[in-house]
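*Asks:* Just one file: query39.txt, with compact mmCIF, C-alpha atoms.
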# COMPACT_ATOMS: atom_id res chain seq x y z
CA MET A 82 0.00 0.00 0.00
CA GLN A 83 1.23 3.44 -0.88
CA ILE A 84 2.29 5.60 2.05
CA LYS A 85 0.55 8.99 2.20
CA VAL A 86 2.32 11.85 3.94
CA VAL A 87 0.82 15.20 4.89
CA MET A 88 3.65 17.72 5.03
CA ALA A 89 3.31 21.17 6.57
CA LYS A 90 5.39 24.08 7.68
CA LEU A 91 4.38 24.67 11.23
CA GLY A 92 2.60 27.90 12.00
CA LEU A 93 3.99 31.09 10.52
CA ASP A 94 7.40 29.69 9.75
CA ILE A 95 8.52 31.45 6.58
CA HIS A 96 11.24 29.10 5.39
CA TRP A 97 10.29 26.75 2.56
CA ARG A 98 13.26 24.95 1.13
CA GLY A 99 13.59 22.24 3.76
CA ALA A 100 9.97 21.14 3.71
CA LEU A 101 9.88 21.09 -0.09
CA VAL A 102 13.18 19.28 -0.45
CA VAL A 103 12.07 16.59 1.98
CA SER A 104 8.68 16.37 0.22
CA ARG A 105 10.34 15.87 -3.11
CA MET A 106 12.72 13.29 -1.76
CA LEU A 107 9.94 11.31 -0.12
CA ARG A 108 8.14 11.50 -3.46
CA ASP A 109 11.24 9.99 -5.05
CA GLU A 110 11.09 7.26 -2.39
CA GLY A 111 7.70 6.31 -3.84
CA MET A 112 5.46 8.04 -1.31
CA GLU A 113 2.50 10.32 -1.97
CA VAL A 114 3.14 13.64 -0.31
CA VAL A 115 0.32 16.13 0.20
CA TYR A 116 2.06 19.46 0.60
CA LEU A 117 0.09 21.97 2.67
CA GLY A 118 2.41 24.95 2.90
CA ASN A 119 2.07 26.91 6.14
CA GLN A 120 -0.61 25.64 8.50
CA PHE A 121 -1.55 25.63 12.16
CA PRO A 122 -2.22 22.42 14.10
CA GLU A 123 -6.02 22.51 13.63
CA GLN A 124 -5.71 22.70 9.84
CA ILE A 125 -2.90 20.15 9.70
CA VAL A 126 -5.00 17.60 11.59
CA GLU A 127 -8.05 18.44 9.46
CA ALA A 128 -5.99 17.75 6.32
CA ALA A 129 -4.65 14.50 7.78
CA ILE A 130 -8.22 13.36 8.46
CA GLN A 131 -9.46 14.21 4.98
CA GLU A 132 -6.43 12.75 3.23
CA GLY A 133 -6.22 9.58 5.30
CA ALA A 134 -2.59 10.36 6.07
CA ASP A 135 -0.26 7.65 7.35
CA VAL A 136 2.33 10.25 8.32
CA ILE A 137 2.21 13.88 9.39
CA GLY A 138 5.48 15.68 8.69
CA LEU A 139 6.11 18.97 10.47
CA SER A 140 8.84 21.33 9.46
CA THR A 141 9.95 24.05 11.84
CA LEU A 142 12.80 26.49 12.18
CA GLY A 143 11.04 29.25 14.00
CA GLY A 144 11.17 28.01 17.58
CA ASN A 145 7.49 27.06 17.80
CA HIS A 146 8.20 23.33 17.94
CA LEU A 147 7.53 22.90 21.66
CA THR A 148 4.14 24.62 21.56
CA LEU A 149 2.70 23.67 18.18
CA GLY A 150 4.31 20.24 17.71
CA PRO A 151 2.72 18.52 20.70
CA LYS A 152 -0.57 20.25 19.87
CA VAL A 153 -0.67 18.46 16.52
CA VAL A 154 -0.23 15.09 18.24
CA LYS A 155 -2.84 15.90 20.88
CA LEU A 156 -5.46 17.06 18.38
CA ALA A 157 -4.79 14.11 16.10
CA ARG A 158 -5.20 11.54 18.87
CA GLU A 159 -8.35 13.26 20.14
CA LYS A 160 -9.87 12.88 16.68
CA GLY A 161 -8.81 9.25 16.41
CA VAL A 162 -6.06 9.88 13.86
CA ASP A 163 -3.24 7.41 14.46
CA ALA A 164 -0.84 8.83 11.87
CA LEU A 165 2.86 8.85 12.67
CA VAL A 166 3.90 12.41 13.56
CA ILE A 167 7.49 13.33 12.73
CA MET A 168 9.31 16.62 12.87
CA GLY A 169 12.26 18.17 11.09
CA GLY A 170 14.17 21.42 11.16
CA VAL A 171 16.35 23.27 13.58
CA ILE A 172 15.49 21.96 17.01
CA PRO A 173 17.69 22.20 20.11
CA GLU A 174 19.00 18.85 21.30
CA ASP A 175 17.55 19.43 24.78
CA ASP A 176 14.01 19.74 23.46
CA ILE A 177 13.98 16.40 21.66
CA PRO A 178 13.12 14.27 24.73
CA LEU A 179 10.24 16.62 25.51
CA LEU A 180 8.89 16.29 21.98
CA LYS A 181 9.16 12.52 22.04
CA GLU A 182 7.39 12.41 25.35
CA ALA A 183 4.60 14.43 23.76
CA GLY A 184 4.21 11.81 21.05
CA ILE A 185 6.42 13.08 18.23
CA ALA A 186 7.78 9.81 16.90
CA GLU A 187 11.10 11.17 15.69
CA VAL A 188 12.94 14.46 15.24
CA PHE A 189 15.24 14.94 12.25
CA GLY A 190 17.92 17.62 12.33
CA PRO A 191 19.53 19.51 9.44
CA GLU A 192 22.17 16.83 8.82
CA THR A 193 19.67 14.03 8.34
CA LYS A 194 19.95 11.85 5.26
CA VAL A 195 16.63 11.48 3.47
CA GLU A 196 16.97 7.71 3.25
CA SER A 197 16.92 7.58 7.02
CA ILE A 198 13.62 9.52 7.11
CA ALA A 199 12.13 7.19 4.50
CA THR A 200 13.41 4.13 6.32
CA PHE A 201 12.03 5.37 9.62
CA ILE A 202 8.63 6.00 8.04
CA ARG A 203 8.51 2.56 6.41
CA GLU A 204 9.44 0.87 9.66
CA HIS A 205 6.92 2.73 11.78
CA VAL A 206 3.84 3.35 9.67
CA GLY A 207 0.86 1.46 10.97
CA LYS A 208 2.14 1.36 14.53
CA THR A 209 0.43 3.95 16.66
CA ILE A 210 2.81 6.00 18.69
CA GLY A 211 1.94 8.40 21.43
CA MET B 83 -17.03 -4.40 7.14
CA ASN B 84 -20.62 -5.27 7.97
CA GLU B 85 -21.03 -1.93 9.63
CA ALA B 86 -20.51 -0.11 6.34
CA SER B 87 -24.11 1.09 6.39
CA SER B 88 -23.82 2.50 9.89
CA TYR B 89 -20.76 4.46 8.84
CA PHE B 90 -22.84 6.31 6.31
CA GLU B 91 -25.34 7.31 8.98
CA LYS B 92 -22.83 8.98 11.24
CA LYS B 93 -21.74 11.84 9.01
CA SER B 94 -18.36 12.52 10.52
CA ASP B 95 -15.33 13.77 8.63
CA VAL B 96 -13.11 11.36 10.53
CA ILE B 97 -15.14 8.36 9.33
CA LEU B 98 -15.46 9.76 5.82
CA GLY B 99 -11.68 10.15 5.72
CA LYS B 100 -11.26 6.50 6.71
CA LEU B 101 -13.82 5.27 4.16
CA LEU B 102 -12.10 7.23 1.39
CA LYS B 103 -8.72 5.86 2.41
CA GLU B 104 -9.99 2.28 1.99
CA VAL B 105 -11.46 3.15 -1.40
CA GLU B 106 -8.37 5.03 -2.55
CA ASN B 107 -6.20 2.02 -1.74
CA GLN B 108 -8.72 -0.46 -3.16
CA THR B 109 -8.57 -2.61 -0.04
CA ALA B 110 -10.76 -5.66 0.54
CA ASN B 111 -13.11 -3.50 2.62
CA SER B 112 -13.62 -1.03 -0.19
CA ILE B 113 -16.01 -3.30 -2.12
CA GLU B 114 -18.47 -3.26 0.78
CA ILE B 115 -18.14 0.52 1.12
CA LEU B 116 -18.74 1.01 -2.59
CA ARG B 117 -21.70 -1.35 -2.63
CA GLU B 118 -23.25 0.59 0.22
CA SER B 119 -22.50 3.97 -1.35
CA SER B 120 -23.86 2.84 -4.71
CA ALA B 121 -27.22 2.22 -3.06
CA ARG B 122 -27.07 5.55 -1.27
CA LYS B 123 -25.96 7.72 -4.16
CA GLY B 124 -27.44 11.12 -3.66
CA THR B 125 -28.09 14.12 -5.78
CA ALA B 126 -24.73 15.85 -5.85
CA HIS B 127 -23.95 18.12 -8.76
CA ILE B 128 -20.59 16.91 -10.06
CA VAL B 129 -18.45 19.59 -11.65
CA GLY B 130 -15.16 18.84 -13.40
CA ILE B 131 -12.52 21.54 -13.63
CA THR B 132 -9.88 20.81 -16.25
CA GLY B 133 -7.23 22.66 -18.23
CA PRO B 134 -3.50 22.85 -18.87
CA PRO B 135 -0.90 22.86 -16.06
CA GLY B 136 -0.49 26.26 -14.47
CA SER B 137 -3.75 27.66 -15.84
CA GLY B 138 -4.91 28.30 -12.28
CA LYS B 139 -7.35 25.45 -11.69
CA SER B 140 -6.59 25.08 -7.98
CA THR B 141 -6.70 28.81 -7.37
CA LEU B 142 -10.01 28.98 -9.23
CA VAL B 143 -11.42 26.09 -7.19
CA ASN B 144 -10.26 27.84 -4.03
CA LYS B 145 -12.04 31.11 -4.86
CA LEU B 146 -15.08 29.37 -6.27
CA CYS B 147 -15.60 27.21 -3.21
CA LYS B 148 -14.85 30.02 -0.79
CA THR B 149 -17.82 31.91 -2.21
CA LEU B 150 -20.04 28.85 -2.57
CA ALA B 151 -19.34 27.62 0.95
CA LYS B 152 -20.90 30.77 2.42
CA SER B 153 -24.34 29.49 1.50
CA GLY B 154 -23.71 26.50 3.75
CA ILE B 155 -23.86 23.79 1.09
CA GLU B 156 -21.82 20.66 1.62
CA ILE B 157 -18.87 20.65 -0.80
CA GLY B 158 -16.49 17.84 -1.66
CA ILE B 159 -13.33 18.53 -3.66
CA VAL B 160 -11.28 15.83 -5.35
CA ALA B 161 -7.94 17.20 -6.52
CA VAL B 162 -5.79 15.02 -8.75
CA ASP B 163 -2.05 15.41 -9.37
CA PRO B 164 0.33 13.18 -11.32
CA THR B 165 2.18 10.10 -10.09
CA SER B 166 5.81 9.67 -11.14
CA PRO B 167 6.10 6.94 -13.77
CA PHE B 168 9.53 6.07 -12.35
CA THR B 169 9.15 5.96 -8.58
CA LYS B 170 5.34 5.72 -8.18
CA GLY B 171 5.63 8.67 -5.79
CA ALA B 172 3.68 11.91 -6.08
CA LEU B 173 3.75 15.45 -4.81
CA LEU B 174 0.16 16.59 -4.37
CA GLY B 175 0.26 20.36 -4.22
CA ASP B 176 -3.31 21.49 -4.87
CA ARG B 177 -4.08 22.01 -1.20
CA THR B 178 -1.49 24.78 -0.90
CA ARG B 179 -3.66 26.84 -3.25
CA MET B 180 -6.79 26.03 -1.30
CA GLN B 181 -5.66 27.27 2.08
CA GLU B 182 -8.62 29.64 2.32
CA LEU B 183 -10.88 26.60 2.48
CA SER B 184 -9.21 24.98 5.46
CA GLY B 185 -11.20 25.37 8.61
CA LEU B 186 -14.53 25.46 6.74
CA SER B 187 -16.60 22.63 8.19
CA ASN B 188 -18.67 22.22 5.01
CA VAL B 189 -15.70 21.73 2.68
CA PHE B 190 -13.94 18.37 2.44
CA ILE B 191 -10.83 18.06 0.25
CA LYS B 192 -9.31 14.79 -0.93
CA SER B 193 -6.08 14.71 -2.95
CA LEU B 194 -5.46 11.81 -5.28
CA ALA B 195 -2.46 10.71 -7.34
CA THR B 196 -3.01 9.36 -10.86
CA ARG B 197 -1.28 6.04 -10.01
CA GLY B 198 -0.63 5.11 -13.62
CA ASN B 199 -3.90 6.37 -15.12
CA LEU B 200 -3.49 8.45 -18.26
CA GLY B 201 -6.89 10.10 -18.67
CA GLY B 202 -6.31 13.01 -16.30
CA LEU B 203 -7.82 11.38 -13.21
CA ALA B 204 -6.87 8.80 -10.59
CA PRO B 205 -8.14 5.23 -11.09
CA THR B 206 -10.42 5.54 -8.07
CA THR B 207 -11.80 9.02 -8.81
CA ALA B 208 -15.27 7.76 -9.75
CA ASP B 209 -15.38 5.65 -6.58
CA ILE B 210 -14.27 8.53 -4.37
CA VAL B 211 -16.90 10.79 -5.93
CA GLN B 212 -19.55 8.14 -5.37
CA VAL B 213 -18.71 7.87 -1.67
CA LEU B 214 -18.74 11.67 -1.25
CA ASP B 215 -22.11 11.75 -3.00
CA ALA B 216 -23.49 9.03 -0.77
CA TYR B 217 -22.16 10.91 2.22
CA GLY B 218 -24.43 13.84 1.45
CA LYS B 219 -22.18 16.25 -0.43
CA GLU B 220 -24.32 18.54 -2.55
CA LEU B 221 -21.59 19.80 -4.84
CA ILE B 222 -18.55 17.77 -5.80
CA ILE B 223 -15.71 19.45 -7.65
CA ILE B 224 -13.16 17.34 -9.45
CA GLU B 225 -9.93 19.07 -10.36
CA THR B 226 -8.06 17.05 -12.98
CA VAL B 227 -4.32 16.99 -13.44
CA GLY B 228 -2.96 19.59 -15.82
CA VAL B 229 -4.09 18.25 -19.18
CA GLY B 230 -2.88 18.41 -22.76
CA GLN B 231 -5.17 17.62 -25.65
CA ILE B 232 -6.81 14.28 -24.98
CA GLU B 233 -7.22 13.62 -21.25
CA PHE B 234 -10.95 13.69 -20.83
CA ASP B 235 -11.90 10.94 -18.40
CA VAL B 236 -13.59 13.69 -16.42
CA LEU B 237 -16.31 13.75 -19.06
CA GLU B 238 -17.48 10.32 -17.89
CA ILE B 239 -17.85 11.39 -14.29
CA ALA B 240 -18.86 15.05 -14.28
CA ASP B 241 -22.25 16.60 -15.01
CA THR B 242 -20.69 19.93 -15.88
CA VAL B 243 -17.21 20.34 -17.34
CA VAL B 244 -15.38 23.65 -17.01
CA LEU B 245 -12.29 24.09 -19.19
CA VAL B 246 -9.84 26.60 -17.78
CA ASN B 247 -7.59 28.14 -20.40
CA VAL B 248 -5.07 30.95 -20.27
CA PRO B 249 -4.26 33.61 -22.87
CA GLY B 250 -1.58 32.91 -25.40
CA LEU B 251 -1.77 29.13 -25.77
CA GLY B 252 -1.50 29.31 -29.51
CA ASP B 253 -3.42 30.69 -32.45
CA SER B 254 -7.05 30.14 -33.37
CA LEU B 255 -6.16 26.84 -35.02
CA GLN B 256 -5.60 25.33 -31.56
CA THR B 257 -9.20 25.99 -30.59
CA LEU B 258 -10.39 24.16 -33.69
CA LYS B 259 -8.60 20.94 -32.90
CA ALA B 260 -10.52 17.89 -31.78
CA GLY B 261 -10.16 16.62 -28.25
CA ILE B 262 -10.14 18.55 -25.01
CA MET B 263 -11.35 21.77 -26.65
CA GLU B 264 -14.65 20.12 -27.53
CA ILE B 265 -15.70 18.69 -24.22
CA ALA B 266 -16.50 21.66 -22.03
CA ASP B 267 -19.89 23.00 -21.05
CA ILE B 268 -18.33 26.22 -19.81
CA TYR B 269 -15.11 27.84 -21.08
CA VAL B 270 -13.02 30.05 -18.85
CA VAL B 271 -10.10 32.23 -19.89
CA ASN B 272 -8.31 32.66 -16.58
CA GLN B 273 -5.45 35.07 -15.90
CA ALA B 274 -7.40 37.44 -18.13
CA ASP B 275 -5.20 40.36 -17.12
CA ARG B 276 -2.47 38.89 -19.29
CA PRO B 277 -2.06 39.97 -22.92
CA GLY B 278 -4.06 38.04 -25.48
CA ALA B 279 -7.10 37.38 -23.29
CA ASP B 280 -9.55 39.03 -25.67
CA GLU B 281 -8.18 37.07 -28.61
CA SER B 282 -8.54 33.80 -26.68
CA VAL B 283 -12.14 34.67 -25.81
CA ARG B 284 -12.86 35.57 -29.42
CA ASP B 285 -11.39 32.30 -30.72
CA LEU B 286 -13.31 30.25 -28.17
CA LYS B 287 -16.58 32.02 -28.95
CA MET B 288 -16.07 31.35 -32.62
CA MET B 289 -15.50 27.70 -31.94
CA VAL B 290 -18.51 27.45 -29.65
CA ARG B 291 -20.76 28.94 -32.31
CA GLU B 292 -19.78 26.15 -34.65
CA LYS B 293 -20.09 23.44 -32.06
CA LEU B 294 -23.30 24.34 -30.30
CA GLN B 295 -24.60 21.67 -28.00
CA GLU B 296 -28.29 20.98 -28.26
CA ASN B 297 -30.09 23.78 -26.40
CA TRP B 298 -26.98 24.86 -24.54
CA GLU B 299 -24.66 27.55 -25.80
CA GLN B 300 -21.41 27.09 -23.94
CA PRO B 301 -20.52 30.38 -22.28
CA VAL B 302 -17.02 31.82 -22.53
CA LEU B 303 -15.98 33.72 -19.41
CA LYS B 304 -13.02 35.84 -18.42
CA THR B 305 -11.68 35.40 -14.89
CA ILE B 306 -8.78 36.54 -12.77
CA ALA B 307 -9.04 33.97 -9.99
CA THR B 308 -6.29 35.49 -7.86
CA ASN B 309 -8.31 38.73 -7.62
CA ASN B 310 -11.62 36.93 -7.24
CA GLU B 311 -12.78 38.45 -10.54
CA GLY B 312 -15.43 36.63 -12.53
CA MET B 313 -16.26 34.11 -9.81
CA ILE B 314 -19.88 35.15 -9.40
CA GLU B 315 -20.44 34.85 -13.15
CA LEU B 316 -18.83 31.42 -13.16
CA ILE B 317 -20.98 30.24 -10.26
CA ASP B 318 -24.06 31.54 -12.10
CA GLN B 319 -23.17 29.62 -15.23
CA ILE B 320 -22.45 26.41 -13.30
CA GLN B 321 -25.84 26.74 -11.63
CA ARG B 322 -27.52 27.54 -14.95
CA HIS B 323 -26.00 24.43 -16.50
CA LYS B 324 -27.31 22.32 -13.65
CA GLU B 325 -30.81 23.68 -14.22
CA PHE B 326 -30.43 22.97 -17.91
CA LEU B 327 -29.44 19.36 -17.21
CA LEU B 328 -32.32 18.87 -14.82
CA HIS B 329 -34.92 20.32 -17.14
CA SER B 330 -33.72 18.60 -20.26
CA ASN B 331 -33.62 15.12 -18.74
CA ARG B 332 -29.86 14.91 -19.30
CA TRP B 333 -29.26 14.77 -15.58
CA ASP B 334 -30.89 11.33 -15.47
CA GLU B 335 -29.43 10.25 -18.78
CA LYS B 336 -25.91 11.05 -17.63
CA ARG B 337 -26.45 9.01 -14.48
CA LYS B 338 -27.77 6.05 -16.43
CA THR B 339 -24.82 6.18 -18.83
CA ARG B 340 -22.50 6.42 -15.86
CA ASN B 341 -24.01 3.31 -14.28
CA LEU B 342 -23.33 1.36 -17.46
CA THR B 343 -19.80 2.74 -17.78
CA ARG B 344 -19.07 1.61 -14.24
CA LEU B 345 -20.39 -1.86 -14.99
CA ASN B 346 -18.13 -2.05 -18.04
CA HIS B 347 -15.10 -0.85 -16.10
CA LEU B 348 -15.77 -3.34 -13.33
CA MET B 349 -16.17 -6.25 -15.74
CA ILE B 350 -12.93 -5.40 -17.51
CA GLN B 351 -11.16 -5.06 -14.18
CA SER B 352 -12.47 -8.44 -12.97
CA LEU B 353 -11.50 -10.07 -16.25
CA ASN B 354 -8.04 -8.57 -16.02
CA ASN B 355 -7.57 -9.95 -12.53
CA GLU B 356 -8.92 -13.32 -13.62
CA VAL B 357 -6.51 -13.51 -16.58
CA ASP B 358 -3.59 -12.41 -14.43
CA SER B 359 -4.12 -15.01 -11.75
CA TYR B 360 -4.81 -17.70 -14.37
CA ILE B 361 -1.62 -17.20 -16.34
CA ARG B 362 0.42 -16.88 -13.20
CA ARG B 363 -0.65 -20.38 -12.15
CA LYS B 364 -0.01 -22.07 -15.52
CA GLN B 365 3.59 -23.00 -16.13
CA GLY B 366 2.95 -23.97 -19.76
CA ILE B 367 1.60 -20.52 -20.47
CA GLN B 368 4.51 -18.89 -18.68
CA ILE B 369 6.88 -20.67 -21.07
CA LYS B 370 4.88 -19.46 -24.07
CA ILE B 371 4.86 -15.89 -22.70
CA GLN B 372 8.63 -16.10 -22.54
CA GLN B 373 8.63 -17.17 -26.21
CA VAL B 374 6.54 -14.13 -27.11
CA LYS B 375 8.95 -11.95 -25.18
CA GLU B 376 11.86 -13.41 -27.18
CA GLY B 377 9.97 -12.86 -30.41
CA LYS B 378 9.76 -16.59 -31.17
CA LEU B 379 5.97 -16.78 -30.89
CA ASP B 380 3.50 -14.18 -32.08
CA PRO B 381 1.32 -12.53 -29.42
CA TYR B 382 -1.93 -12.92 -31.37
CA THR B 383 -1.84 -16.71 -31.29
CA LEU B 384 -0.98 -16.89 -27.60
CA SER B 385 -3.59 -14.30 -26.63
CA ASP B 386 -6.32 -16.25 -28.44
CA HIS B 387 -5.10 -19.47 -26.88
CA ILE B 388 -5.17 -18.07 -23.32
CA VAL B 389 -8.66 -16.63 -23.70
CA GLU B 390 -9.91 -19.91 -25.17
CA GLN B 391 -8.44 -21.88 -22.28
CA LEU B 392 -9.95 -19.51 -19.76
CA ILE B 393 -13.41 -19.75 -21.29
CA LYS B 394 -13.15 -23.54 -21.39
CA LYS B 395 -12.17 -23.56 -17.72
CA HIS B 396 -15.37 -21.69 -16.88
CA GLY B 397 -17.56 -24.14 -18.77
CA GLY B 398 -17.53 -22.62 -22.23
CA MET B 399 -19.55 -19.80 -23.68
Could you write out this structure as structure tokens?
*Replies:*
Amino acid sequence: MQIKVVMAKLGLDIHWRGALVVSRMLRDEGMEVVYLGNQFPEQIVEAAIQEGADVIGLSTLGGNHLTLGPKVVKLAREKGVDALVIMGGVIPEDDIPLLKEAGIAEVFGPETKVESIATFIREHVGKTIG
Amino acid sequence: MNEASSYFEKKSDVILGKLLKEVENQTANSIEILRESSARKGTAHIVGITGPPGSGKSTLVNKLCKTLAKSGIEIGIVAVDPTSPFTKGALLGDRTRMQELSGLSNVFIKSLATRGNLGGLAPTTADIVQVLDAYGKELIIIETVGVGQIEFDVLEIADTVVLVNVPGLGDSLQTLKAGIMEIADIYVVNQADRPGADESVRDLKMMVREKLQENWEQPVLKTIATNNEGMIELIDQIQRHKEFLLHSNRWDEKRKTRNLTRLNHLMIQSLNNEVDSYIRRKQGIQIKIQQVKEGKLDPYTLSDHIVEQLIKKHGGM
């Protein structure tokens, strides 16, 4: 079955290259990526519901990861969406345990190889986390 | 999924999302869902929006639905983008242009990838539309992939086809060619603030005059979707076309034709599967297929032979 990813830039984050590059690379890994552009947690979860997403990818550089990231997981689980939530961008090392505790399945930093994101997704899709 | 019928009673976006996911992936459960939705098919007006890549289809759908949603009607949008022929992956970008619709509780958007289909739609588009219809959507908008000259699968599914063009896509000869230019009920020249818009409108009007549908003169409209210009006129014409279909009996005719088309598609699909699983099991046939591949046996003989064997297996004609 084809893996469907909903990819969003979190909140008002104005960067774009990272999220698009990862989207394109996941596309090249054979996944279907629904690219949302900038969205807030409510709209991201709404899109994941409508699209039947297996994965929600959040991209953030703007420092909103600790507030908006966990909110996506919380809203998703409340609605019965069991999609894997992953995050990428510039995120301080110290915050990663907090994010994982909040149900973010994995956090990928700037040096991440795309294959490792794809591999992680393939290994974890279908298993509810958080 | 014995509870398929109860799922249709609940009217929740979360459940609808799950039903559509099963259908999109053609899972074992999807047959039950489709059977149920076939019996529940409603009265949705199905509008196809098609046109070349970059003509502004998604932006147009965004503005169109933003206005339409204010009346409170239930809208379903099916947005199709291409699948890579090499990796089977896809980047579905239509939602980025429809951000103004997020948060509206009466708008439901589903993105689909073409998954190998060549007619401008995804293989499951008709099924997805059927489920949305059964779920009580009153207006369903299908946005095709960016099309060239001959991708008109949307004609089989939609009641009303809107062709979105842009200025400067060639001289008047292009509008006279057969194919995509003939299929629309409503013509739109979008990005009409660009040079050449009036010429495009003139060429389209000339073509329409020569190709009048029975009792329906296809309107040619100018729009600038990004500025919200021409949307009211477009909505009016879509509504007018619906009335026309209803009053001229074509509404029912289209649905009857569609039922038959679906039957045909399903039969061909079942036959395909049957043939596939049959030849996979038969070693003798596998050897012959290899001979065809090598060019030592002609494909016509083998094809006839396989079909004959298959018919015999099922007790003859």
*Asks:* Taking all atoms listed in the file into account, report as a PDB file with C-alpha atoms, keeping the file's coordinate frame which residues of chain A lie within 8 Å of chain B.
*Replies:*
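Below is the file iface.pdb, written as the result:
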ATOM      1  CA  MET A  82       0.000   0.000   0.000  1.00  0.00           C
ATOM      2  CA  GLN A  83       1.230   3.440  -0.880  1.00  0.00           C
ATOM      3  CA  SER A 104       8.680  16.370   0.220  1.00  0.00           C
ATOM      4  CA  ARG A 105      10.340  15.870  -3.110  1.00  0.00           C
ATOM      5  CA  LEU A 107       9.940  11.310  -0.120  1.00  0.00           C
ATOM      6  CA  ARG A 108       8.140  11.500  -3.460  1.00  0.00           C
ATOM      7  CA  ASP A 109      11.240   9.990  -5.050  1.00  0.00           C
ATOM      8  CA  GLU A 110      11.090   7.260  -2.390  1.00  0.00           C
ATOM      9  CA  GLY A 111       7.700   6.310  -3.840  1.00  0.00           C
ATOM     10  CA  MET A 112       5.460   8.040  -1.310  1.00  0.00           C
ATOM     11  CA  GLU A 113       2.500  10.320  -1.970  1.00  0.00           C
ATOM     12  CA  VAL A 114       3.140  13.640  -0.310  1.00  0.00           C
ATOM     13  CA  VAL A 115       0.320  16.130   0.200  1.00  0.00           C
ATOM     14  CA  TYR A 116       2.060  19.460   0.600  1.00  0.00           C
ATOM     15  CA  LEU A 117       0.090  21.970   2.670  1.00  0.00           C
ATOM     16  CA  GLY A 118       2.410  24.950   2.900  1.00  0.00           C
ATOM     17  CA  GLU A 123      -6.020  22.510  13.630  1.00  0.00           C
ATOM     18  CA  GLN A 124      -5.710  22.700   9.840  1.00  0.00           C
ATOM     19  CA  GLU A 127      -8.050  18.440   9.460  1.00  0.00           C
ATOM     20  CA  ALA A 128      -5.990  17.750   6.320  1.00  0.00           C
ATOM     21  CA  ILE A 130      -8.220  13.360   8.460  1.00  0.00           C
ATOM     22  CA  GLN A 131      -9.460  14.210   4.980  1.00  0.00           C
ATOM     23  CA  GLU A 132      -6.430  12.750   3.230  1.00  0.00           C
ATOM     24  CA  GLY A 133      -6.220   9.580   5.300  1.00  0.00           C
ATOM     25  CA  LYS A 160      -9.870  12.880  16.680  1.00  0.00           C
ATOM     26  CA  GLY A 161      -8.810   9.250  16.410  1.00  0.00           C
ATOM     27  CA  VAL A 162      -6.060   9.880  13.860  1.00  0.00           C
TER      28      VAL A 162
END
*Asks:* Can you list every residue of range 269-368 of chain B that has an atom at most 12 Å from range 217-227 of chain B, with its nearest atom pair and the distance in Å to one decimal, using all atoms listed in the file, ordered by chain then number, as JSON lines?
*Replies:*
{"residue": "B:Ile317", "atom": "CA", "partner": "B:Leu221", "partner_atom": "CA", "distance": 11.8}
{"residue": "B:Ile320", "atom": "CA", "partner": "B:Leu221", "partner_atom": "CA", "distance": 10.8}
{"residue": "B:Gln321", "atom": "CA", "partner": "B:Leu221", "partner_atom": "CA", "distance": 10.6}
{"residue": "B:Lys324", "atom": "CA", "partner": "B:Leu221", "partner_atom": "CA", "distance": 10.8}
*Asks:* Select, from B:Val243, B:Ala208, B:Ile369, B:Ile393, the residue with the minimum atom-to-atom distance to Ser119 in chain B, counting only C-alpha atoms.
*Replies:* B:Ala208
*Asks:* Neighbouring residues of Asp176 in chain A were defined as those with any atom within 9 Å, considering only C-alpha atoms; residues of the same chain fewer than 4 positions away were excluded. Please report them as a PDB file with C-alpha atoms, keeping the file's coordinate frame.
*Replies:*
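Contents of part-v5.pdb, as written:
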ATOM      1  CA  HIS A 146       8.200  23.330  17.940  1.00  0.00           C
ATOM      2  CA  LEU A 147       7.530  22.900  21.660  1.00  0.00           C
ATOM      3  CA  ILE A 172      15.490  21.960  17.010  1.00  0.00           C
ATOM      4  CA  LEU A 180       8.890  16.290  21.980  1.00  0.00           C
ATOM      5  CA  LYS A 181       9.160  12.520  22.040  1.00  0.00           C
TER       6      LYS A 181
END
*Asks:* Could you check how far CA of Val129 in chain B sits from CA of Met263 in chain B, in Å to one decimal?
*Replies:* 16.7 Å
